[in-house]
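Pasted below: model_35.pdb, PDB, C-alpha atoms.
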ATOM      1  CA  MET W   1     152.836 128.744  57.261
ATOM      2  CA  ALA W   2     151.813 131.579  59.543
ATOM      3  CA  ARG W   3     149.631 130.497  62.432
ATOM      4  CA  ASN W   4     147.040 133.208  61.702
ATOM      5  CA  LYS W   5     146.576 131.878  58.145
ATOM      6  CA  VAL W   6     145.825 128.399  59.483
ATOM      7  CA  ALA W   7     143.355 129.914  61.948
ATOM      8  CA  ILE W   8     141.621 131.679  59.053
ATOM      9  CA  TYR W   9     141.373 128.450  57.060
ATOM     10  CA  VAL W  10     139.885 126.629  60.056
ATOM     11  CA  TRP W  11     137.403 129.467  60.632
ATOM     12  CA  ILE W  12     136.241 129.398  57.003
ATOM     13  CA  VAL W  13     135.718 125.622  56.996
ATOM     14  CA  ASP W  14     133.958 125.629  60.379
ATOM     15  CA  THR W  15     131.663 128.477  59.324
ATOM     16  CA  ILE W  16     130.691 126.964  55.982
ATOM     17  CA  GLU W  17     130.230 123.526  57.556
ATOM     18  CA  SER W  18     127.993 124.868  60.333
ATOM     19  CA  HIS W  19     125.777 126.740  57.835
ATOM     20  CA  ARG W  20     125.894 123.947  55.220
ATOM     21  CA  ARG W  21     125.458 126.598  52.470
ATOM     22  CA  ILE W  22     126.409 130.228  52.749
ATOM     23  CA  SER W  23     126.960 133.186  50.410
ATOM     24  CA  LEU W  24     130.221 135.109  50.380
ATOM     25  CA  GLU W  25     128.314 138.186  51.596
ATOM     26  CA  GLU W  26     126.981 136.338  54.648
ATOM     27  CA  LEU W  27     130.366 134.732  55.261
ATOM     28  CA  ASN W  28     131.974 138.177  55.246
ATOM     29  CA  ARG W  29     129.349 139.544  57.625
ATOM     30  CA  LEU W  30     130.260 136.828  60.119
ATOM     31  CA  TRP W  31     133.951 137.304  59.370
ATOM     32  CA  CYS W  32     133.846 141.000  60.236
ATOM     33  CA  ASN W  33     132.407 140.105  63.653
ATOM     34  CA  SER W  34     135.021 137.426  64.380
ATOM     35  CA  SER W  35     138.103 137.869  66.563
ATOM     36  CA  LEU W  36     140.362 137.072  63.579
ATOM     37  CA  SER W  37     139.086 139.976  61.494
ATOM     38  CA  ASP W  38     140.350 143.538  61.392
ATOM     39  CA  GLY W  39     136.823 144.625  60.520
ATOM     40  CA  ASN W  40     137.332 144.386  56.776
ATOM     41  CA  PRO W  41     135.704 141.747  54.548
ATOM     42  CA  ILE W  42     137.736 139.118  52.720
ATOM     43  CA  PRO W  43     138.255 140.220  49.085
ATOM     44  CA  ARG W  44     136.862 137.771  46.526
ATOM     45  CA  ARG W  45     140.294 137.040  45.026
ATOM     46  CA  THR W  46     141.742 136.428  48.502
ATOM     47  CA  PHE W  47     138.857 134.089  49.302
ATOM     48  CA  PHE W  48     139.610 132.070  46.157
ATOM     49  CA  ASN W  49     143.256 131.825  47.252
ATOM     50  CA  TYR W  50     142.098 130.627  50.667
ATOM     51  CA  ARG W  51     139.893 127.977  48.998
ATOM     52  CA  ASN W  52     142.875 126.638  47.081
ATOM     53  CA  ALA W  53     145.061 126.613  50.204
ATOM     54  CA  ILE W  54     142.373 124.776  52.184
ATOM     55  CA  GLU W  55     142.079 122.123  49.478
ATOM     56  CA  GLU W  56     145.851 121.680  49.342
ATOM     57  CA  MET W  57     146.333 121.599  53.118
ATOM     58  CA  PHE W  58     143.267 119.655  54.289
ATOM     59  CA  ASN W  59     142.025 118.089  51.027
ATOM     60  CA  ILE W  60     138.686 119.795  51.695
ATOM     61  CA  ASN W  61     136.966 121.068  48.563
ATOM     62  CA  ILE W  62     134.773 124.181  48.919
ATOM     63  CA  GLN W  63     132.312 124.270  46.016
ATOM     64  CA  CYS W  64     129.990 127.014  44.767
ATOM     65  CA  ASN W  65     126.402 126.493  43.674
ATOM     66  CA  ARG W  66     126.261 128.541  40.468
ATOM     67  CA  SER W  67     122.512 129.087  40.674
ATOM     68  CA  THR W  68     122.466 130.490  44.236
ATOM     69  CA  PHE W  69     126.111 131.581  44.530
ATOM     70  CA  GLU W  70     126.304 129.794  47.890
ATOM     71  CA  TYR W  71     129.380 127.937  49.043
ATOM     72  CA  TYR W  72     129.349 124.444  50.537
ATOM     73  CA  ILE W  73     131.821 121.683  51.409
ATOM     74  CA  GLU W  74     131.870 118.774  49.010
ATOM     75  CA  ASN W  75     131.180 115.433  50.695
ATOM     76  CA  ASN W  76     134.144 113.095  51.024
ATOM     77  CA  ASP W  77     133.096 109.515  50.317
ATOM     78  CA  ASN W  78     136.300 108.144  51.830
ATOM     79  CA  GLU W  79     135.442 107.634  55.516
ATOM     80  CA  ALA W  80     139.061 107.308  56.628
ATOM     81  CA  GLU W  81     140.104 110.527  54.870
ATOM     82  CA  SER W  82     137.051 112.350  56.216
ATOM     83  CA  ARG W  83     137.895 111.369  59.813
ATOM     84  CA  MET W  84     141.503 112.433  59.354
ATOM     85  CA  HIS W  85     140.513 115.818  57.908
ATOM     86  CA  HIS W  86     138.143 116.518  60.792
ATOM     87  CA  TRP W  87     140.848 115.462  63.238
ATOM     88  CA  LEU W  88     143.306 117.868  61.587
ATOM     89  CA  LEU W  89     140.781 120.688  61.749
ATOM     90  CA  ASP W  90     139.989 119.981  65.395
ATOM     91  CA  THR W  91     143.705 119.883  66.230
ATOM     92  CA  PHE W  92     144.499 123.160  64.461
ATOM     93  CA  SER W  93     141.409 124.792  65.921
ATOM     94  CA  MET W  94     142.302 123.726  69.462
ATOM     95  CA  THR W  95     145.946 124.751  69.023
ATOM     96  CA  GLY W  96     144.937 128.198  67.819
ATOM     97  CA  MET W  97     142.466 128.662  70.646
ATOM     98  CA  LEU W  98     145.037 127.703  73.291
ATOM     99  CA  SER W  99     147.700 129.907  71.691
ATOM    100  CA  ASN W 100     145.333 132.867  71.914
ATOM    101  CA  SER W 101     144.506 132.094  75.563
ATOM    102  CA  ARG W 102     147.917 132.401  77.170
ATOM    103  CA  ASP W 103     146.520 134.964  79.589
ATOM    104  CA  LEU W 104     144.331 132.133  80.947
ATOM    105  CA  SER W 105     147.117 129.530  81.089
ATOM    106  CA  GLY W 106     146.643 129.022  84.824
ATOM    107  CA  ARG W 107     142.975 128.222  84.265
ATOM    108  CA  ILE W 108     143.330 125.776  81.352
ATOM    109  CA  ILE W 109     144.475 122.345  82.482
ATOM    110  CA  VAL W 110     145.689 119.863  79.880
ATOM    111  CA  GLU W 111     146.682 116.240  80.261
ATOM    112  CA  ASP W 112     150.398 115.492  80.387
ATOM    113  CA  VAL W 113     151.074 112.622  77.969
ATOM    114  CA  PRO W 114     154.283 111.352  76.324
ATOM    115  CA  SER W 115     154.886 113.260  73.104
ATOM    116  CA  ALA W 116     155.451 111.702  69.688
ATOM    117  CA  ARG W 117     156.711 115.008  68.285
ATOM    118  CA  GLU W 118     160.236 113.639  67.870
ATOM    119  CA  HIS W 119     159.373 110.408  66.043
ATOM    120  CA  LEU W 120     156.098 110.975  64.168
ATOM    121  CA  PRO W 121     157.599 113.175  61.412
ATOM    122  CA  VAL W 122     160.359 110.607  60.823
ATOM    123  CA  VAL W 123     157.892 107.717  60.571
ATOM    124  CA  ILE W 124     155.645 109.686  58.209
ATOM    125  CA  GLN W 125     158.617 110.553  56.010
ATOM    126  CA  ALA W 126     159.607 106.877  55.856
ATOM    127  CA  MET W 127     156.027 105.949  54.941
ATOM    128  CA  ARG W 128     155.985 108.569  52.191
ATOM    129  CA  GLU W 129     159.281 107.275  50.748
ATOM    130  CA  ASP W 130     158.435 103.577  51.354
ATOM    131  CA  LYS W 131     161.640 103.054  53.328
ATOM    132  CA  ARG W 132     162.345 100.801  56.280
ATOM    133  CA  ILE W 133     162.999 102.307  59.702
ATOM    134  CA  VAL W 134     165.463 101.096  62.325
ATOM    135  CA  PHE W 135     165.052 101.794  66.054
ATOM    136  CA  ASP W 136     165.561 100.519  69.581
ATOM    137  CA  TYR W 137     162.358  99.566  71.364
ATOM    138  CA  ARG W 138     161.623  99.420  75.079
ATOM    139  CA  THR W 139     158.691  97.334  76.306
ATOM    140  CA  TYR W 140     157.296  97.327  79.827
ATOM    141  CA  THR W 141     157.873  93.576  80.198
ATOM    142  CA  ARG W 142     161.627  93.547  79.504
ATOM    143  CA  SER W 143     164.436  95.240  81.411
ATOM    144  CA  GLN W 144     166.525  95.908  78.306
ATOM    145  CA  PRO W 145     165.344  97.411  75.025
ATOM    146  CA  SER W 146     165.385  95.464  71.769
ATOM    147  CA  LYS W 147     168.189  96.847  69.614
ATOM    148  CA  ASP W 148     168.074  97.699  65.902
ATOM    149  CA  VAL W 149     164.505  96.637  65.218
ATOM    150  CA  VAL W 150     163.880  96.804  61.460
ATOM    151  CA  VAL W 151     160.312  97.526  60.380
ATOM    152  CA  CYS W 152     158.504  98.441  57.171
ATOM    153  CA  PRO W 153     156.122 101.181  58.415
ATOM    154  CA  TYR W 154     152.637 100.511  57.006
ATOM    155  CA  PHE W 155     150.516 103.084  58.869
ATOM    156  CA  VAL W 156     150.125 105.062  62.098
ATOM    157  CA  LYS W 157     147.200 105.180  64.501
ATOM    158  CA  ILE W 158     146.363 107.334  67.509
ATOM    159  CA  PHE W 159     144.647 105.767  70.536
ATOM    160  CA  LYS W 160     144.009 107.461  73.865
ATOM    161  CA  GLN W 161     146.321 110.373  72.945
ATOM    162  CA  LEU W 162     149.265 108.110  72.091
ATOM    163  CA  TRP W 163     150.656 107.447  68.611
ATOM    164  CA  TYR W 164     151.376 103.926  67.368
ATOM    165  CA  MET W 165     153.131 102.663  64.248
ATOM    166  CA  ILE W 166     151.976  99.411  62.687
ATOM    167  CA  GLY W 167     154.388  97.717  60.340
ATOM    168  CA  TYR W 168     156.059  94.558  59.107
ATOM    169  CA  ASN W 169     158.866  93.348  61.391
ATOM    170  CA  VAL W 170     161.504  92.064  58.982
ATOM    171  CA  ALA W 171     163.207  89.676  61.418
ATOM    172  CA  ASP W 172     160.001  88.122  62.792
ATOM    173  CA  GLY W 173     158.079  88.152  59.506
ATOM    174  CA  LYS W 174     155.010  89.546  61.297
ATOM    175  CA  ILE W 175     152.954  92.739  61.362
ATOM    176  CA  LYS W 176     153.401  94.343  64.787
ATOM    177  CA  THR W 177     152.346  97.471  66.670
ATOM    178  CA  TYR W 178     154.865  99.849  68.244
ATOM    179  CA  ALA W 179     154.262 102.829  70.523
ATOM    180  CA  LEU W 180     156.211 105.842  69.290
ATOM    181  CA  ASP W 181     156.992 107.044  72.814
ATOM    182  CA  ARG W 182     158.894 103.799  73.501
ATOM    183  CA  MET W 183     161.187 104.176  70.488
ATOM    184  CA  SER W 184     164.720 105.543  70.589
ATOM    185  CA  ASN W 185     167.577 105.984  68.101
ATOM    186  CA  LEU W 186     165.055 106.065  65.264
ATOM    187  CA  LYS W 187     166.447 106.446  61.759
ATOM    188  CA  ILE W 188     165.330 105.869  58.187
ATOM    189  CA  SER W 189     167.059 103.075  56.287
ATOM    190  CA  GLU W 190     168.062 103.340  52.643
ATOM    191  CA  VAL W 191     166.337 100.013  52.016
ATOM    192  CA  THR W 192     162.939 100.434  50.377
ATOM    193  CA  PHE W 193     159.880  98.207  50.649
ATOM    194  CA  LYS W 194     156.605  97.763  48.837
ATOM    195  CA  MET W 195     153.448  97.720  50.915
ATOM    196  CA  PRO W 196     151.219  94.780  49.851
ATOM    197  CA  GLU W 197     148.467  96.035  47.556
ATOM    198  CA  GLU W 198     145.857  93.934  49.350
ATOM    199  CA  PHE W 199     146.743  95.335  52.793
ATOM    200  CA  ASP W 200     144.022  97.628  54.178
ATOM    201  CA  PRO W 201     144.878  99.610  57.363
ATOM    202  CA  GLU W 202     141.182 100.234  58.104
ATOM    203  CA  ALA W 203     140.389  96.531  57.822
ATOM    204  CA  PHE W 204     143.367  95.596  60.023
ATOM    205  CA  PHE W 205     141.683  97.043  63.140
ATOM    206  CA  ALA W 206     138.079  96.748  61.921
ATOM    207  CA  ASP W 207     137.154  94.168  64.579
ATOM    208  CA  SER W 208     139.251  95.621  67.408
ATOM    209  CA  PHE W 209     138.904  98.145  70.171
ATOM    210  CA  GLY W 210     142.204  99.959  70.607
ATOM    211  CA  ILE W 211     145.543  99.003  69.075
ATOM    212  CA  ILE W 212     145.610  95.246  69.723
ATOM    213  CA  THR W 213     144.469  92.620  67.254
ATOM    214  CA  ASN W 214     144.831  88.856  66.973
ATOM    215  CA  GLN W 215     144.126  85.940  64.652
ATOM    216  CA  SER W 216     140.973  84.745  66.434
ATOM    217  CA  ASN W 217     137.428  85.346  65.222
ATOM    218  CA  PRO W 218     135.359  88.292  66.511
ATOM    219  CA  LYS W 219     132.781  87.474  69.175
ATOM    220  CA  GLU W 220     129.220  88.641  69.775
ATOM    221  CA  ILE W 221     129.470  90.798  72.907
ATOM    222  CA  ALA W 222     126.599  92.051  75.064
ATOM    223  CA  LEU W 223     127.083  94.562  77.882
ATOM    224  CA  ARG W 224     124.430  95.586  80.386
ATOM    225  CA  VAL W 225     125.073  99.276  81.108
ATOM    226  CA  SER W 226     123.518 101.556  83.704
ATOM    227  CA  THR W 227     121.217 104.293  82.446
ATOM    228  CA  THR W 228     123.674 107.065  83.325
ATOM    229  CA  GLN W 229     126.683 105.331  81.802
ATOM    230  CA  ALA W 230     124.688 104.539  78.662
ATOM    231  CA  LYS W 231     124.677 108.255  77.831
ATOM    232  CA  TYR W 232     128.465 108.181  77.556
ATOM    233  CA  PHE W 233     128.362 105.084  75.366
ATOM    234  CA  ARG W 234     125.960 106.832  72.999
ATOM    235  CA  ALA W 235     128.213 109.887  72.820
ATOM    236  CA  LEU W 236     131.439 107.865  72.424
ATOM    237  CA  PRO W 237     130.685 104.395  70.964
ATOM    238  CA  LEU W 238     133.225 101.704  71.764
ATOM    239  CA  HIS W 239     133.057 100.337  68.228
ATOM    240  CA  SER W 240     131.354 100.909  64.893
ATOM    241  CA  SER W 241     129.290  97.740  65.405
ATOM    242  CA  GLN W 242     127.594  99.174  68.519
ATOM    243  CA  THR W 243     123.828  98.809  68.816
ATOM    244  CA  GLU W 244     121.636  99.638  71.804
ATOM    245  CA  GLU W 245     118.580  98.008  73.335
ATOM    246  CA  ILE W 246     117.017 100.472  75.785
ATOM    247  CA  HIS W 247     115.224  99.325  78.971
ATOM    248  CA  ASP W 248     113.718 101.291  81.852
ATOM    249  CA  THR W 249     116.730 101.162  84.181
ATOM    250  CA  TYR W 250     119.536 100.002  81.895
ATOM    251  CA  SER W 251     120.614  99.504  78.303
ATOM    252  CA  ILE W 252     122.136  96.508  76.573
ATOM    253  CA  PHE W 253     124.886  97.378  74.105
ATOM    254  CA  ARG W 254     125.850  94.759  71.541
ATOM    255  CA  TYR W 255     129.057  94.504  69.527
ATOM    256  CA  ARG W 256     130.960  92.217  67.236
ATOM    257  CA  MET W 257     134.616  92.503  68.263
ATOM    258  CA  LEU W 258     137.776  90.590  69.029
ATOM    259  CA  LEU W 259     138.446  89.825  72.683
ATOM    260  CA  THR W 260     141.596  91.831  73.341
ATOM    261  CA  TYR W 261     143.441  93.211  76.334
ATOM    262  CA  ASP W 262     142.437  96.780  75.403
ATOM    263  CA  LEU W 263     138.754  95.811  75.416
ATOM    264  CA  PHE W 264     139.102  93.938  78.699
ATOM    265  CA  GLU W 265     140.776  96.941  80.360
ATOM    266  CA  GLU W 266     138.109  99.292  79.002
ATOM    267  CA  ILE W 267     135.304  97.171  80.456
ATOM    268  CA  LEU W 268     136.995  96.985  83.859
ATOM    269  CA  SER W 269     137.508 100.764  83.873
ATOM    270  CA  HIS W 270     133.726 101.303  84.055
ATOM    271  CA  GLY W 271     133.407  99.318  87.295
ATOM    272  CA  SER W 272     129.919  98.359  88.462
ATOM    273  CA  ASN W 273     128.268 100.404  85.714
ATOM    274  CA  ILE W 274     128.859  97.521  83.284
ATOM    275  CA  GLU W 275     127.970  93.833  83.433
ATOM    276  CA  VAL W 276     129.234  91.440  80.766
ATOM    277  CA  LEU W 277     126.361  89.232  79.575
ATOM    278  CA  THR W 278     128.124  87.444  76.728
ATOM    279  CA  PRO W 279     130.372  85.795  75.684
ATOM    280  CA  PRO W 280     130.960  83.456  78.650
ATOM    281  CA  GLU W 281     134.757  83.560  78.352
ATOM    282  CA  LEU W 282     134.834  87.364  78.622
ATOM    283  CA  LYS W 283     132.476  87.276  81.607
ATOM    284  CA  ALA W 284     134.644  84.631  83.316
ATOM    285  CA  GLN W 285     137.776  86.702  82.706
ATOM    286  CA  VAL W 286     136.204  89.791  84.278
ATOM    287  CA  VAL W 287     134.914  87.820  87.281
ATOM    288  CA  SER W 288     138.336  86.231  87.812
ATOM    289  CA  ASP W 289     140.117  89.574  87.713
ATOM    290  CA  LEU W 290     137.626  91.167  90.108
ATOM    291  CA  LYS W 291     138.094  88.288  92.577
ATOM    292  CA  VAL W 292     141.870  88.754  92.488
ATOM    293  CA  ASN W 293     141.497  92.488  93.088
ATOM    294  CA  LEU W 294     139.048  91.937  95.951
ATOM    295  CA  ALA W 295     141.383  89.407  97.586
ATOM    296  CA  GLN W 296     144.054  92.087  97.871
ATOM    297  CA  TYR W 297     141.786  94.051 100.247
ATOM    298  CA  GLN W 298     140.754  91.159 102.485
TER     299      GLN W 298
END
Please express the file's structure as structure tokens.
Amino acid sequence: MARNKVAIYVWIVDTIESHRRISLEELNRLWCNSSLSDGNPIPRRTFFNYRNAIEEMFNINIQCNRSTFEYYIENNDNEAESRMHHWLLDTFSMTGMLSNSRDLSGRIIVEDVPSAREHLPVVIQAMREDKRIVFDYRTYTRSQPSKDVVVCPYFVKIFKQLWYMIGYNVADGKIKTYALDRMSNLKISEVTFKMPEEFDPEAFFADSFGIITNQSNPKEIALRVSTTQAKYFRALPLHSSQTEEIHDTYSIFRYRMLLTYDLFEEILSHGSNIEVLTPPELKAQVVSDLKVNLAQYQ
């Protein structure tokens, strides 16, 4: 699909979403003033074709109110699908913007992260066909990679700009998480599998921060956060269970989550701006780690 077509689709969705309801006449007025337009309005038939393409590509349904002839985006009751669609739109929108800003390449700095471009399409194809995948896997704790790992790929998840595949390890009989950038020699097996009907990817990480989970019970967590840092927590909540109790010089954020390595590392990354109040075992773990780090400088 031509890149300019995708840019048009993203523009239409963004414009309708920002106005909530908008007539085709008003949409065309804005379109004629946009950088994507050649100054001519979008013909009605072409707009209908764009609507169909947007629904097929993003699963976003643009409806028309027959009494006012205004267009709006139909609400998606599936939270997971809604998040994915917005992520797709944001990704396409950002890609188009950067592609059109090559003249400013020296003034746009992006983060260099390992790419999953090579493996993500293969994993998604295997998921679509319900086929096992076979790969070598390199961990940071072992000198040699594990060879010919056989996994039934259940779902993929992105965390901190890295892609992970979560699936059933056939040899171990366990559901495990694998980073795509640590895979090599990835191929799709001819052996098919059936994903358990009761398995819910959203529920799998419901009590976790990041891509680590365990069999323990979630804990009630309370963090005392500085007033300045609290603004970031409001903008980017650590977890869906987040609540805030505001005080004059600090806030207390409460959660119900599993105690995982990802959560522990996230708390430490905020330094003195965060104090763990509960549970005691998490507080003790943070104190112990800080003492070890301090000892290295004494």
Which distance in Å separates atom CA of W:Phe264 and atom CA of W:Trp163, to one decimal?
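Computing it gives 20.4 Å between the two atoms.
With atom CA of W:Asn273 on one side and atom CA of W:Ser216 on the other, the separation reads 27.9 Å.
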Proximity to W:Leu180 - best of W:Ile212, W:Glu220, W:Glu118, W:Lys231, all atoms listed in the file:
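The shortest atom-to-atom distance to W:Leu180 comes from W:Glu118.
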What residues come out when you apply the PyMOL selection byres ((chain W and resi 51) around 9) to this file, written as a list in words?
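After applying the PyMOL selection byres ((chain W and resi 51) around 9), what remains is Tyr9, Ile12, Thr46, Phe47, Phe48, Asn49, Tyr50, Asn52, Ala53, Ile54, Glu55, Glu56, Ile60, Asn61, Ile62 and Gln63 of chain W.
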Could you check which of W:Ser208, W:Ser184, W:Ser23, W:Gln285 is closest to W:Glu70, using all atoms listed in the file?
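The closest residue to W:Glu70 is W:Ser23.
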Could you give me, as a PyMOL selection string, the residues that sit within 12 Å of (125.0, 107.3, 74.8) in the file's coordinates, counting only C-alpha atoms?
chain W and resi 225-238+242-246+250-253
Find the residues around stretch 193-199 of chain W up to 7 Å (all atoms listed in the file counted), leave out those fewer than 2 positions away in its own chain, and share them as a VMD selection string.
chain W and resid 130 to 132 152 154 191 201
Distance criterion (only C-alpha atoms): nearest to W:Val151 out of W:Ile42, W:Tyr164, W:Val134, W:Tyr261
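Nearest to W:Val151: W:Val134.
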